[in-house]
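Undergrad: Sharing work-v3.cif below, mmCIF, C-alpha atoms and all ligand atoms:
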data_target
loop_
_atom_site.label_atom_id
_atom_site.label_comp_id
_atom_site.auth_asym_id
_atom_site.auth_seq_id
_atom_site.Cartn_x
_atom_site.Cartn_y
_atom_site.Cartn_z
CA LEU D 1 0.00 0.00 0.00
CA GLY D 2 1.33 3.42 -0.89
CA GLN D 3 4.08 1.99 -3.12
CA GLU D 4 2.42 4.07 -5.81
CA LEU D 5 1.61 7.48 -4.42
CA THR D 6 0.24 10.63 -6.01
CA TYR D 7 0.74 13.75 -3.91
CA PHE D 8 -0.81 17.18 -4.45
CA ASP D 9 -0.17 20.39 -2.63
CA ALA D 10 -3.71 21.30 -3.66
CA THR D 11 -6.38 19.45 -5.62
CA ASP D 12 -10.15 19.60 -5.93
CA SER D 13 -10.69 16.23 -4.24
CA THR D 14 -8.39 13.24 -3.78
CA GLN D 15 -11.47 11.14 -4.34
CA PHE D 16 -12.04 12.51 -7.86
CA THR D 17 -8.35 12.05 -8.66
CA ALA D 18 -8.36 8.48 -7.40
CA HIS D 19 -11.39 7.68 -9.60
CA LYS D 20 -9.56 9.11 -12.61
CA LEU D 21 -6.36 7.18 -11.87
CA ALA D 22 -8.32 3.97 -11.37
CA GLN D 23 -10.00 4.42 -14.74
CA GLU D 24 -6.57 4.86 -16.28
CA GLY D 25 -5.45 1.56 -14.73
CA ALA D 26 -3.93 2.43 -11.34
CA THR D 27 -3.20 -0.74 -9.40
CA GLU D 28 -4.22 -2.03 -5.97
CA GLY D 29 -2.73 0.04 -3.18
CA HIS D 30 -2.26 3.28 -5.11
CA VAL D 31 -2.70 6.15 -2.65
CA VAL D 32 -3.61 9.78 -3.36
CA ILE D 33 -2.79 12.40 -0.72
CA ALA D 34 -3.36 16.16 -0.72
CA ASN D 35 -2.25 18.98 1.48
CA GLU D 36 -5.40 20.88 0.58
CA GLN D 37 -8.70 20.03 -1.14
CA THR D 38 -10.69 22.82 -2.71
CA ALA D 39 -13.83 20.73 -3.32
CA GLY D 40 -13.64 17.83 -0.88
CA LYS D 41 -16.73 15.70 -0.85
CA GLY D 42 -18.49 13.91 1.97
CA ARG D 43 -21.21 11.30 2.12
CA LEU D 44 -24.68 12.00 0.75
CA GLY D 45 -23.45 14.81 -1.49
CA ARG D 46 -22.21 16.93 1.41
CA ASP D 47 -19.10 19.12 1.30
CA TRP D 48 -15.99 18.15 3.24
CA TYR D 49 -13.80 21.00 4.45
CA SER D 50 -10.05 20.46 4.24
CA ARG D 51 -8.19 23.75 4.30
CA LYS D 52 -4.50 24.06 3.67
CA GLY D 53 -2.25 22.28 6.13
CA THR D 54 -4.91 21.47 8.70
CA SER D 55 -6.26 18.09 7.72
CA VAL D 56 -5.22 14.77 6.32
CA SER D 57 -6.92 13.81 3.05
CA ILE D 58 -6.23 10.35 1.65
CA SER D 59 -7.90 8.27 -1.05
CA MET D 60 -6.83 4.67 -1.56
CA ILE D 61 -7.47 2.54 -4.63
CA LEU D 62 -8.14 -1.13 -3.88
CA ARG D 63 -8.91 -3.98 -6.24
CA PRO D 64 -9.79 -6.95 -4.06
CA ASP D 65 -11.36 -9.85 -5.93
CA LEU D 66 -14.52 -9.74 -3.83
CA PRO D 67 -18.21 -9.52 -4.67
CA PRO D 68 -19.38 -5.88 -4.56
CA GLN D 69 -21.76 -6.51 -1.65
CA LYS D 70 -18.74 -7.05 0.58
CA THR D 71 -17.53 -3.49 0.04
CA PRO D 72 -19.12 -2.14 3.28
CA GLN D 73 -16.80 -4.47 5.19
CA LEU D 74 -13.89 -2.43 3.92
CA THR D 75 -15.45 0.78 5.23
CA LEU D 76 -15.71 -0.77 8.68
CA LEU D 77 -12.14 -2.05 8.41
CA THR D 78 -10.95 1.45 7.52
CA ALA D 79 -12.66 2.94 10.57
CA VAL D 80 -10.91 0.42 12.83
CA ALA D 81 -7.56 1.19 11.17
CA VAL D 82 -7.96 4.94 11.72
CA VAL D 83 -9.06 4.59 15.37
CA ARG D 84 -6.05 2.38 16.10
CA ALA D 85 -3.63 4.67 14.25
CA ILE D 86 -4.84 7.69 16.24
CA LYS D 87 -4.51 5.78 19.49
CA ASN D 88 -0.94 4.75 18.58
CA ILE D 89 0.24 8.15 17.43
CA VAL D 90 -1.46 10.61 19.76
CA GLY D 91 -2.82 8.39 22.52
CA ILE D 92 -6.39 9.57 21.97
CA GLU D 93 -9.24 7.07 22.12
CA CYS D 94 -12.09 7.78 19.75
CA ASP D 95 -15.33 6.00 18.92
CA ILE D 96 -16.86 4.65 15.76
CA LYS D 97 -20.44 5.62 14.97
CA TRP D 98 -22.02 3.33 12.40
CA PRO D 99 -21.28 3.13 9.59
CA ASN D 100 -18.19 5.21 9.23
CA ASP D 101 -17.97 8.31 11.42
CA ILE D 102 -15.20 8.60 13.95
CA LEU D 103 -16.13 10.76 16.89
CA LEU D 104 -14.16 12.25 19.73
CA LYS D 105 -16.30 13.14 22.74
CA GLY D 106 -19.33 13.12 20.47
CA LYS D 107 -17.84 15.45 17.84
CA LYS D 108 -16.74 14.46 14.37
CA LEU D 109 -13.02 13.89 13.95
CA VAL D 110 -12.82 11.69 10.83
CA GLY D 111 -15.02 11.00 7.82
CA ILE D 112 -14.75 7.98 5.54
CA LEU D 113 -16.24 7.75 2.07
CA THR D 114 -16.24 4.46 0.15
CA GLU D 115 -17.12 4.33 -3.53
CA MET D 116 -17.02 1.67 -6.21
CA GLN D 117 -16.20 1.99 -9.85
CA ALA D 118 -16.18 -0.39 -12.80
CA ASP D 119 -12.93 -0.04 -14.71
CA PRO D 120 -12.39 -1.27 -18.25
CA ASP D 121 -10.63 -4.68 -18.47
CA ARG D 122 -9.93 -4.97 -14.73
CA VAL D 123 -11.30 -6.07 -11.40
CA HIS D 124 -13.58 -3.21 -10.29
CA SER D 125 -11.97 -0.67 -8.01
CA ILE D 126 -12.96 0.50 -4.57
CA ILE D 127 -11.93 4.00 -3.62
CA ILE D 128 -11.76 4.67 0.09
CA GLY D 129 -11.44 8.32 1.10
CA ILE D 130 -10.34 9.27 4.60
CA GLY D 131 -10.50 12.83 5.93
CA ILE D 132 -8.99 13.48 9.37
CA ASN D 133 -9.26 16.78 11.21
CA VAL D 134 -5.75 17.23 12.57
CA ASN D 135 -4.70 20.81 13.20
CA GLN D 136 -7.86 22.88 12.88
CA ARG D 137 -8.71 25.29 15.63
CA SER D 138 -12.34 25.77 16.37
CA ASP D 139 -12.66 28.90 14.23
CA ASP D 140 -11.06 27.14 11.24
CA PHE D 141 -14.24 25.10 10.88
CA ASP D 142 -17.10 26.43 8.83
CA PRO D 143 -19.66 28.02 11.20
CA SER D 144 -22.23 25.45 10.07
CA ILE D 145 -20.21 22.59 11.62
CA ARG D 146 -18.22 24.40 14.33
CA ASP D 147 -20.19 22.89 17.20
CA LEU D 148 -20.19 19.43 15.64
CA ALA D 149 -16.55 19.01 14.63
CA THR D 150 -13.27 18.65 16.47
CA SER D 151 -9.60 18.03 15.67
CA LEU D 152 -6.64 16.22 17.21
CA ALA D 153 -4.99 19.57 17.99
CA ILE D 154 -8.08 20.85 19.82
CA GLU D 155 -8.01 17.72 21.97
CA LYS D 156 -4.25 17.71 22.57
CA GLY D 157 -3.84 21.48 22.93
CA LYS D 158 -0.94 21.44 20.45
CA THR D 159 -0.31 20.75 16.78
CA VAL D 160 0.12 17.19 15.60
CA GLU D 161 2.51 16.08 12.85
CA ARG D 162 0.31 15.20 9.89
CA ALA D 163 2.91 12.99 8.18
CA GLN D 164 2.95 10.75 11.24
CA VAL D 165 -0.80 10.42 11.16
CA ILE D 166 -0.72 9.49 7.47
CA SER D 167 1.92 6.81 7.88
CA ALA D 168 0.23 5.34 10.96
CA VAL D 169 -3.11 5.12 9.13
CA LEU D 170 -1.56 3.47 6.07
CA ASN D 171 0.39 0.99 8.23
CA GLU D 172 -2.61 0.04 10.32
CA PHE D 173 -4.78 -0.26 7.22
CA GLU D 174 -2.26 -2.51 5.48
CA HIS D 175 -2.02 -4.76 8.51
CA LEU D 176 -5.82 -5.13 8.87
CA TYR D 177 -6.35 -5.50 5.13
CA ASP D 178 -3.88 -8.42 5.06
CA LEU D 179 -5.71 -9.96 8.01
CA TYR D 180 -9.01 -9.50 6.17
CA LEU D 181 -7.76 -11.06 2.93
CA ASN D 182 -6.34 -14.04 4.85
CA GLU D 183 -8.97 -14.63 7.53
CA GLY D 184 -12.08 -12.87 6.32
CA PHE D 185 -14.28 -10.34 8.10
CA THR D 186 -14.78 -12.09 11.46
CA PRO D 187 -11.68 -10.70 13.26
CA ILE D 188 -12.35 -7.23 11.84
CA ARG D 189 -15.96 -7.32 12.96
CA SER D 190 -14.91 -8.15 16.54
CA LEU D 191 -12.50 -5.22 16.58
CA TRP D 192 -15.12 -2.91 15.11
CA GLU D 193 -17.58 -3.82 17.85
CA VAL D 194 -14.96 -2.97 20.51
CA TYR D 195 -14.60 0.60 19.18
CA SER D 196 -18.25 1.17 18.26
CA ILE D 197 -20.59 3.32 20.31
CA SER D 198 -23.61 2.49 18.18
CA VAL D 199 -24.02 -1.15 19.16
CA GLY D 200 -25.56 -2.27 22.45
CA THR D 201 -27.41 0.99 22.90
CA TYR D 202 -30.66 2.76 21.93
CA ILE D 203 -30.43 4.87 18.82
CA TYR D 204 -32.44 6.86 16.29
CA ALA D 205 -31.75 5.76 12.71
CA ARG D 206 -32.70 8.44 10.21
CA THR D 207 -33.10 6.73 6.82
CA MET D 208 -34.21 8.31 3.54
CA ARG D 209 -37.79 7.38 4.36
CA GLU D 210 -38.27 7.40 8.14
CA VAL D 211 -36.79 7.66 11.59
CA ILE D 212 -36.65 4.38 13.50
CA TYR D 213 -35.99 4.28 17.24
CA GLY D 214 -34.72 1.09 18.77
CA TYR D 215 -31.98 -1.02 20.27
CA ALA D 216 -28.93 -1.57 18.07
CA LYS D 217 -28.14 -5.26 18.41
CA GLY D 218 -25.08 -5.53 16.23
CA ILE D 219 -23.89 -5.61 12.66
CA THR D 220 -24.08 -8.40 10.14
CA ASN D 221 -21.16 -9.64 8.11
CA ASP D 222 -22.34 -7.34 5.33
CA GLY D 223 -21.97 -4.35 7.64
CA VAL D 224 -25.73 -3.94 7.96
CA LEU D 225 -26.94 -2.56 11.31
CA LEU D 226 -29.59 -4.62 13.11
CA LEU D 227 -32.10 -2.56 15.03
CA GLU D 228 -34.93 -3.86 17.19
CA ASP D 229 -37.78 -1.41 17.58
CA GLU D 230 -40.06 -1.05 20.60
CA LYS D 231 -42.48 -3.63 19.21
CA GLY D 232 -39.68 -6.17 19.03
CA GLN D 233 -39.53 -6.00 15.26
CA GLU D 234 -36.09 -6.25 13.69
CA HIS D 235 -35.00 -3.76 11.05
CA LYS D 236 -32.00 -4.03 8.78
CA ILE D 237 -30.45 -0.61 8.33
CA TYR D 238 -28.42 -0.28 5.15
CA SER D 239 -27.95 3.47 5.13
CA ALA D 240 -28.88 6.09 7.71
CA ASP D 241 -27.67 8.83 10.00
CA ILE D 242 -27.48 7.52 13.53
CA GLU D 243 -28.13 9.47 16.69
CA ILE D 244 -27.40 7.88 20.05
CA ALA D 245 -30.45 8.29 22.29
CA SER D 246 -29.51 9.74 25.64
C1 LIG I 1 -18.15 12.01 5.40
O1 LIG I 1 -18.10 11.83 6.62
O2 LIG I 1 -19.11 12.60 4.89
C2 LIG I 1 -17.03 11.49 4.54
C3 LIG I 1 -15.92 12.49 4.36
C4 LIG I 1 -14.78 11.96 3.49
C5 LIG I 1 -13.70 12.97 3.25
C6 LIG I 1 -12.52 12.41 2.52
S1 LIG I 1 -11.12 13.48 2.53
C7 LIG I 1 -10.31 12.46 1.37
C8 LIG I 1 -11.36 12.07 0.35
N1 LIG I 1 -11.52 13.11 -0.65
C9 LIG I 1 -12.73 13.66 -0.62
O3 LIG I 1 -13.13 14.57 -1.39
N2 LIG I 1 -13.48 13.09 0.35
C10 LIG I 1 -12.73 12.06 1.06
#
Just dump the structure as structure tokens.
Ligand code: BTN
TA:
Amino acid sequence: LGQELTYFDATDSTQFTAHKLAQEGATEGHVVIANEQTAGKGRLGRDWYSRKGTSVSISMILRPDLPPQKTPQLTLLTAVAVVRAIKNIVGIECDIKWPNDILLKGKKLVGILTEMQADPDRVHSIIIGIGINVNQRSDDFDPSIRDLATSLAIEKGKTVERAQVISAVLNEFEHLYDLYLNEGFTPIRSLWEVYSISVGTYIYARTMREVIYGYAKGITNDGVLLLEDEKGQEHKIYSADIEIAS
């Protein structure tokens, strides 16, 4: 991983670039990194803010020979890798909120965006984008997210070396990805459940159609969240925003 690396001082979005490189034939493990993104993108068409020098923006191109429905497993794996890298490098323990948010004291620290693409004459590619808030101060965040977002520097009270964060994330990812390719999802799922705050608790799941309140029982091997509502009926949540009920 990272043997092939494309680095930008500034780009619109590492995610767009990774898609383009994958179409042109980039191989498994190609990593795109930017110092600044001018049009970073988040899930569900949202913007992702990554101003110069403050955040870590990575997109990785993977080509595992797996059926597409297993892709969510890689998102969960990525979240585990980032949580462990942050613990190793800065000693901060953060939580995973299903499916792919990493929170620190309830505020967003990391976003992960996983996308798939069919490439001519090759195994399809999976592009995993990771955005980590590293050195932002509170007023660096857009006012619309200021109360909802945090950074490693805010938590530590000092700046954090971004290069160290990048290499720790790539190392941890490589290690877990090898484990996954050799032993499957089971060991990753156990780790994910250790770091998750959205399992074993009552939550609101806001889907495209409705809001469901219930007890989050766990995740399936496909990364689907299992929610039992107050009538005891089980719901499979494929995509939603989760709020932990207090
Ligand atoms: C989210 O929580 O909405 C996901 C945010 C993903 C942001 C990362 S930063 C690197 C990569 N490039 C992008 O434009 N987005 C992802």
Undergrad: If I take CA of His235 (chain D) and CA of Ile212 (chain D), how far is one from the other in Å, to one decimal?
TA: 8.7 Å
Undergrad: Using only C-alpha atoms, determine which residues lie at most 6 Å from region 34-49 of chain D, disregarding the query and same-chain residues fewer than 3 positions distant; provide the list as a list of chain:residue names.
TA: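 In the requested form, the answer reads D:Tyr7, D:Phe8, D:Asp9, D:Ala10, D:Thr11, D:Asp12, D:Ser13, D:Lys52, D:Gly53, D:Ser57.
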Undergrad: Can you write out as a Markdown table which residues of region 36-144 of chain D fall within 6 Å of region 185-198 of chain D, alongside each residue's closest atom pair and its distance in Å to one decimal, counting all atoms listed in the file and ordering rows by chain and ascending residue number?
TA:
| residue | atom | partner | partner_atom | distance |
| --- | --- | --- | --- | --- |
| D:Val80 | CA | D:Trp192 | CA | 5.8 |
| D:Asp95 | CA | D:Tyr195 | CA | 5.5 |
| D:Ile96 | CA | D:Ser196 | CA | 4.5 |
| D:Lys97 | CA | D:Ser198 | CA | 5.5 |
Undergrad: Could you state the separation of CA of Lys108 (chain D) and atom C8 of ligand LIG 1 (chain I) in Å, given to one decimal place?
TA: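 Separation between CA of Lys108 (chain D) and atom C8 of ligand LIG 1 (chain I): 15.2 Å.
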Undergrad: For ligand LIG 1 (chain I), which residue out of D:Val160, D:Ala85, D:Ile112, D:Val31 is the nearest one, using only C-alpha atoms and all ligand atoms?
TA: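 Smallest separation from ligand LIG 1 (chain I) among the options: D:Ile112.
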Undergrad: So which one's closest to Ile203 (chain D), D:Ala118, D:Leu176, D:Val110, D:Ala216? Using only C-alpha atoms, please.
TA: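 With only C-alpha atoms as the atom set, the closest residue is D:Ala216.
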Undergrad: Could you give me the axis-aligned bounding box of ligand LIG 1 (chain I), with 4 Å of padding per side, as centre plus edge lengths in Å to one decimal, as JSON?
TA:
{"center_x": -14.7, "center_y": 13.0, "center_z": 2.6, "size_x": 16.8, "size_y": 11.1, "size_z": 16.0}
Undergrad: Work out how far apart CA of Asp222 (chain D) and CA of Ile33 (chain D) are and give it in Å to one decimal.
TA: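 For CA of Asp222 (chain D) relative to CA of Ile33 (chain D), the distance reads 28.4 Å.
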Undergrad: Calculated over only C-alpha atoms and all ligand atoms, which of the candidates D:Ser50, D:Gln15, D:Gln136, D:Gln69 has the smallest distance to ligand LIG 1 (chain I)?
TA: D:Gln15
Undergrad: Around the point (-11.9, 10.2, -6.2) (coordinates from the file), which residues reach within 10 Å if we count only C-alpha atoms? Answer as a PyMOL selection string.
TA: chain D and resi 12-22+32+40-41+58-61+113-117+126-129
Undergrad: Go through D:Leu66, D:Ile130, D:Ala245, D:Leu227 and flag the residue nearest Leu170 (chain D), using all atoms listed in the file for the distances.
TA: D:Ile130
Undergrad: Could you list, as number ranges by chain, every residue within 8 Å of Ala153 (chain D), counting all atoms listed in the file and ignoring same-chain residues fewer than 4 positions away?
TA: D: 134-137, 157-160
Undergrad: Please produce an output containing C-alpha atoms for each residue in the selection, written as a short mmCIF file (atom, residue, chain, number, x, y, z; two decimals), in the coordinates of the input.
TA:
data_model
loop_
_atom_site.label_atom_id
_atom_site.label_comp_id
_atom_site.auth_asym_id
_atom_site.auth_seq_id
_atom_site.Cartn_x
_atom_site.Cartn_y
_atom_site.Cartn_z
CA VAL D 134 -5.75 17.23 12.57
CA ASN D 135 -4.70 20.81 13.20
CA GLN D 136 -7.86 22.88 12.88
CA ARG D 137 -8.71 25.29 15.63
CA GLY D 157 -3.84 21.48 22.93
CA LYS D 158 -0.94 21.44 20.45
CA THR D 159 -0.31 20.75 16.78
CA VAL D 160 0.12 17.19 15.60
#
Undergrad: Would you mind telling me which residue in D:Ile244, D:Leu179, D:Leu226, D:Ile166 lies nearest to Thr201 (chain D) when using all atoms listed in the file?
TA: D:Ile244
Undergrad: When distances are computed from only C-alpha atoms and all ligand atoms, which of D:Val169, D:Leu77, D:Leu104, D:Leu109 shows the smallest separation from ligand LIG 1 (chain I)?
TA: D:Leu109
Undergrad: Around (-30.8, -3.0, 18.0) in the file's own coordinates, what residues are found within 10 Å if you use only C-alpha atoms, given back as a compact mmCIF listing (two decimals) with C-alpha atoms, in the coordinates of the input?
TA:
# COMPACT_ATOMS: atom_id res chain seq x y z
CA SER D 198 -23.61 2.49 18.18
CA VAL D 199 -24.02 -1.15 19.16
CA GLY D 200 -25.56 -2.27 22.45
CA THR D 201 -27.41 0.99 22.90
CA TYR D 202 -30.66 2.76 21.93
CA ILE D 203 -30.43 4.87 18.82
CA TYR D 213 -35.99 4.28 17.24
CA GLY D 214 -34.72 1.09 18.77
CA TYR D 215 -31.98 -1.02 20.27
CA ALA D 216 -28.93 -1.57 18.07
CA LYS D 217 -28.14 -5.26 18.41
CA GLY D 218 -25.08 -5.53 16.23
CA ILE D 219 -23.89 -5.61 12.66
CA LEU D 225 -26.94 -2.56 11.31
CA LEU D 226 -29.59 -4.62 13.11
CA LEU D 227 -32.10 -2.56 15.03
CA GLU D 228 -34.93 -3.86 17.19
CA ASP D 229 -37.78 -1.41 17.58
CA GLU D 230 -40.06 -1.05 20.60
CA GLY D 232 -39.68 -6.17 19.03
CA GLN D 233 -39.53 -6.00 15.26
CA GLU D 234 -36.09 -6.25 13.69
CA HIS D 235 -35.00 -3.76 11.05
CA LYS D 236 -32.00 -4.03 8.78
CA ILE D 237 -30.45 -0.61 8.33
Undergrad: Which residues come within 9 Å of Thr207 (chain D), counting all atoms listed in the file, excluding same-chain residues fewer than 3 positions away, as a ChimeraX atom specification?
TA: /D:210-212,237-242
Undergrad: Mind rebuilding region 111-136 of chain D with N, CA and C atoms and writing that out as a PDB file, in the frame of the given file?
TA:
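In the end it all went to part-v7.pdb:
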ATOM      1  N   GLY D 111     -13.974  11.496   8.708  1.00  0.00           N
ATOM      2  CA  GLY D 111     -15.020  11.000   7.820  1.00  0.00           C
ATOM      3  C   GLY D 111     -14.428  10.008   6.834  1.00  0.00           C
ATOM      4  N   ILE D 112     -15.196   9.000   6.502  1.00  0.00           N
ATOM      5  CA  ILE D 112     -14.750   7.980   5.540  1.00  0.00           C
ATOM      6  C   ILE D 112     -15.796   7.852   4.443  1.00  0.00           C
ATOM      7  N   LEU D 113     -15.332   7.839   3.213  1.00  0.00           N
ATOM      8  CA  LEU D 113     -16.240   7.750   2.070  1.00  0.00           C
ATOM      9  C   LEU D 113     -15.769   6.618   1.169  1.00  0.00           C
ATOM     10  N   THR D 114     -16.624   5.610   0.980  1.00  0.00           N
ATOM     11  CA  THR D 114     -16.240   4.460   0.150  1.00  0.00           C
ATOM     12  C   THR D 114     -17.066   4.452  -1.121  1.00  0.00           C
ATOM     13  N   GLU D 115     -16.407   4.339  -2.244  1.00  0.00           N
ATOM     14  CA  GLU D 115     -17.120   4.330  -3.530  1.00  0.00           C
ATOM     15  C   GLU D 115     -16.563   3.217  -4.412  1.00  0.00           C
ATOM     16  N   MET D 116     -17.431   2.747  -5.302  1.00  0.00           N
ATOM     17  CA  MET D 116     -17.020   1.670  -6.210  1.00  0.00           C
ATOM     18  C   MET D 116     -17.048   2.165  -7.640  1.00  0.00           C
ATOM     19  N   GLN D 117     -16.223   1.578  -8.448  1.00  0.00           N
ATOM     20  CA  GLN D 117     -16.200   1.990  -9.850  1.00  0.00           C
ATOM     21  C   GLN D 117     -15.848   0.797 -10.722  1.00  0.00           C
ATOM     22  N   ALA D 118     -16.534   0.663 -11.854  1.00  0.00           N
ATOM     23  CA  ALA D 118     -16.180  -0.390 -12.800  1.00  0.00           C
ATOM     24  C   ALA D 118     -15.120   0.177 -13.726  1.00  0.00           C
ATOM     25  N   ASP D 119     -13.997  -0.519 -13.845  1.00  0.00           N
ATOM     26  CA  ASP D 119     -12.930  -0.040 -14.710  1.00  0.00           C
ATOM     27  C   ASP D 119     -12.775  -0.982 -15.894  1.00  0.00           C
ATOM     28  N   PRO D 120     -12.505  -0.417 -17.066  1.00  0.00           N
ATOM     29  CA  PRO D 120     -12.390  -1.270 -18.250  1.00  0.00           C
ATOM     30  C   PRO D 120     -11.301  -2.333 -18.075  1.00  0.00           C
ATOM     31  N   ASP D 121     -11.608  -3.569 -18.414  1.00  0.00           N
ATOM     32  CA  ASP D 121     -10.630  -4.680 -18.470  1.00  0.00           C
ATOM     33  C   ASP D 121      -9.980  -5.031 -17.134  1.00  0.00           C
ATOM     34  N   ARG D 122     -10.574  -4.662 -16.012  1.00  0.00           N
ATOM     35  CA  ARG D 122      -9.930  -4.970 -14.730  1.00  0.00           C
ATOM     36  C   ARG D 122     -10.964  -5.346 -13.695  1.00  0.00           C
ATOM     37  N   VAL D 123     -10.450  -5.891 -12.568  1.00  0.00           N
ATOM     38  CA  VAL D 123     -11.300  -6.070 -11.400  1.00  0.00           C
ATOM     39  C   VAL D 123     -11.774  -4.668 -11.001  1.00  0.00           C
ATOM     40  N   HIS D 124     -13.055  -4.525 -10.649  1.00  0.00           N
ATOM     41  CA  HIS D 124     -13.580  -3.210 -10.290  1.00  0.00           C
ATOM     42  C   HIS D 124     -12.731  -2.592  -9.165  1.00  0.00           C
ATOM     43  N   SER D 125     -12.771  -1.275  -9.071  1.00  0.00           N
ATOM     44  CA  SER D 125     -11.970  -0.670  -8.010  1.00  0.00           C
ATOM     45  C   SER D 125     -12.866  -0.122  -6.911  1.00  0.00           C
ATOM     46  N   ILE D 126     -12.294  -0.092  -5.719  1.00  0.00           N
ATOM     47  CA  ILE D 126     -12.960   0.500  -4.570  1.00  0.00           C
ATOM     48  C   ILE D 126     -12.086   1.658  -4.127  1.00  0.00           C
ATOM     49  N   ILE D 127     -12.694   2.818  -4.020  1.00  0.00           N
ATOM     50  CA  ILE D 127     -11.930   4.000  -3.620  1.00  0.00           C
ATOM     51  C   ILE D 127     -12.368   4.364  -2.212  1.00  0.00           C
ATOM     52  N   ILE D 128     -11.435   4.331  -1.286  1.00  0.00           N
ATOM     53  CA  ILE D 128     -11.760   4.670   0.090  1.00  0.00           C
ATOM     54  C   ILE D 128     -11.110   6.011   0.432  1.00  0.00           C
ATOM     55  N   GLY D 129     -11.940   6.993   0.747  1.00  0.00           N
ATOM     56  CA  GLY D 129     -11.440   8.320   1.100  1.00  0.00           C
ATOM     57  C   GLY D 129     -11.488   8.499   2.614  1.00  0.00           C
ATOM     58  N   ILE D 130     -10.411   9.039   3.156  1.00  0.00           N
ATOM     59  CA  ILE D 130     -10.340   9.270   4.600  1.00  0.00           C
ATOM     60  C   ILE D 130      -9.976  10.741   4.820  1.00  0.00           C
ATOM     61  N   GLY D 131     -10.805  11.433   5.585  1.00  0.00           N
ATOM     62  CA  GLY D 131     -10.500  12.830   5.930  1.00  0.00           C
ATOM     63  C   GLY D 131     -10.382  12.939   7.440  1.00  0.00           C
ATOM     64  N   ILE D 132      -9.220  13.386   7.924  1.00  0.00           N
ATOM     65  CA  ILE D 132      -8.990  13.480   9.370  1.00  0.00           C
ATOM     66  C   ILE D 132      -8.737  14.942   9.742  1.00  0.00           C
ATOM     67  N   ASN D 133      -9.494  15.421  10.714  1.00  0.00           N
ATOM     68  CA  ASN D 133      -9.260  16.780  11.210  1.00  0.00           C
ATOM     69  C   ASN D 133      -8.076  16.719  12.165  1.00  0.00           C
ATOM     70  N   VAL D 134      -6.971  17.348  11.767  1.00  0.00           N
ATOM     71  CA  VAL D 134      -5.750  17.230  12.570  1.00  0.00           C
ATOM     72  C   VAL D 134      -5.435  18.543  13.302  1.00  0.00           C
ATOM     73  N   ASN D 135      -5.195  19.597  12.540  1.00  0.00           N
ATOM     74  CA  ASN D 135      -4.700  20.810  13.200  1.00  0.00           C
ATOM     75  C   ASN D 135      -5.657  22.000  13.147  1.00  0.00           C
ATOM     76  N   GLN D 136      -6.913  21.771  12.862  1.00  0.00           N
ATOM     77  CA  GLN D 136      -7.860  22.880  12.880  1.00  0.00           C
ATOM     78  C   GLN D 136      -8.043  23.407  14.298  1.00  0.00           C
TER      79      GLN D 136
END
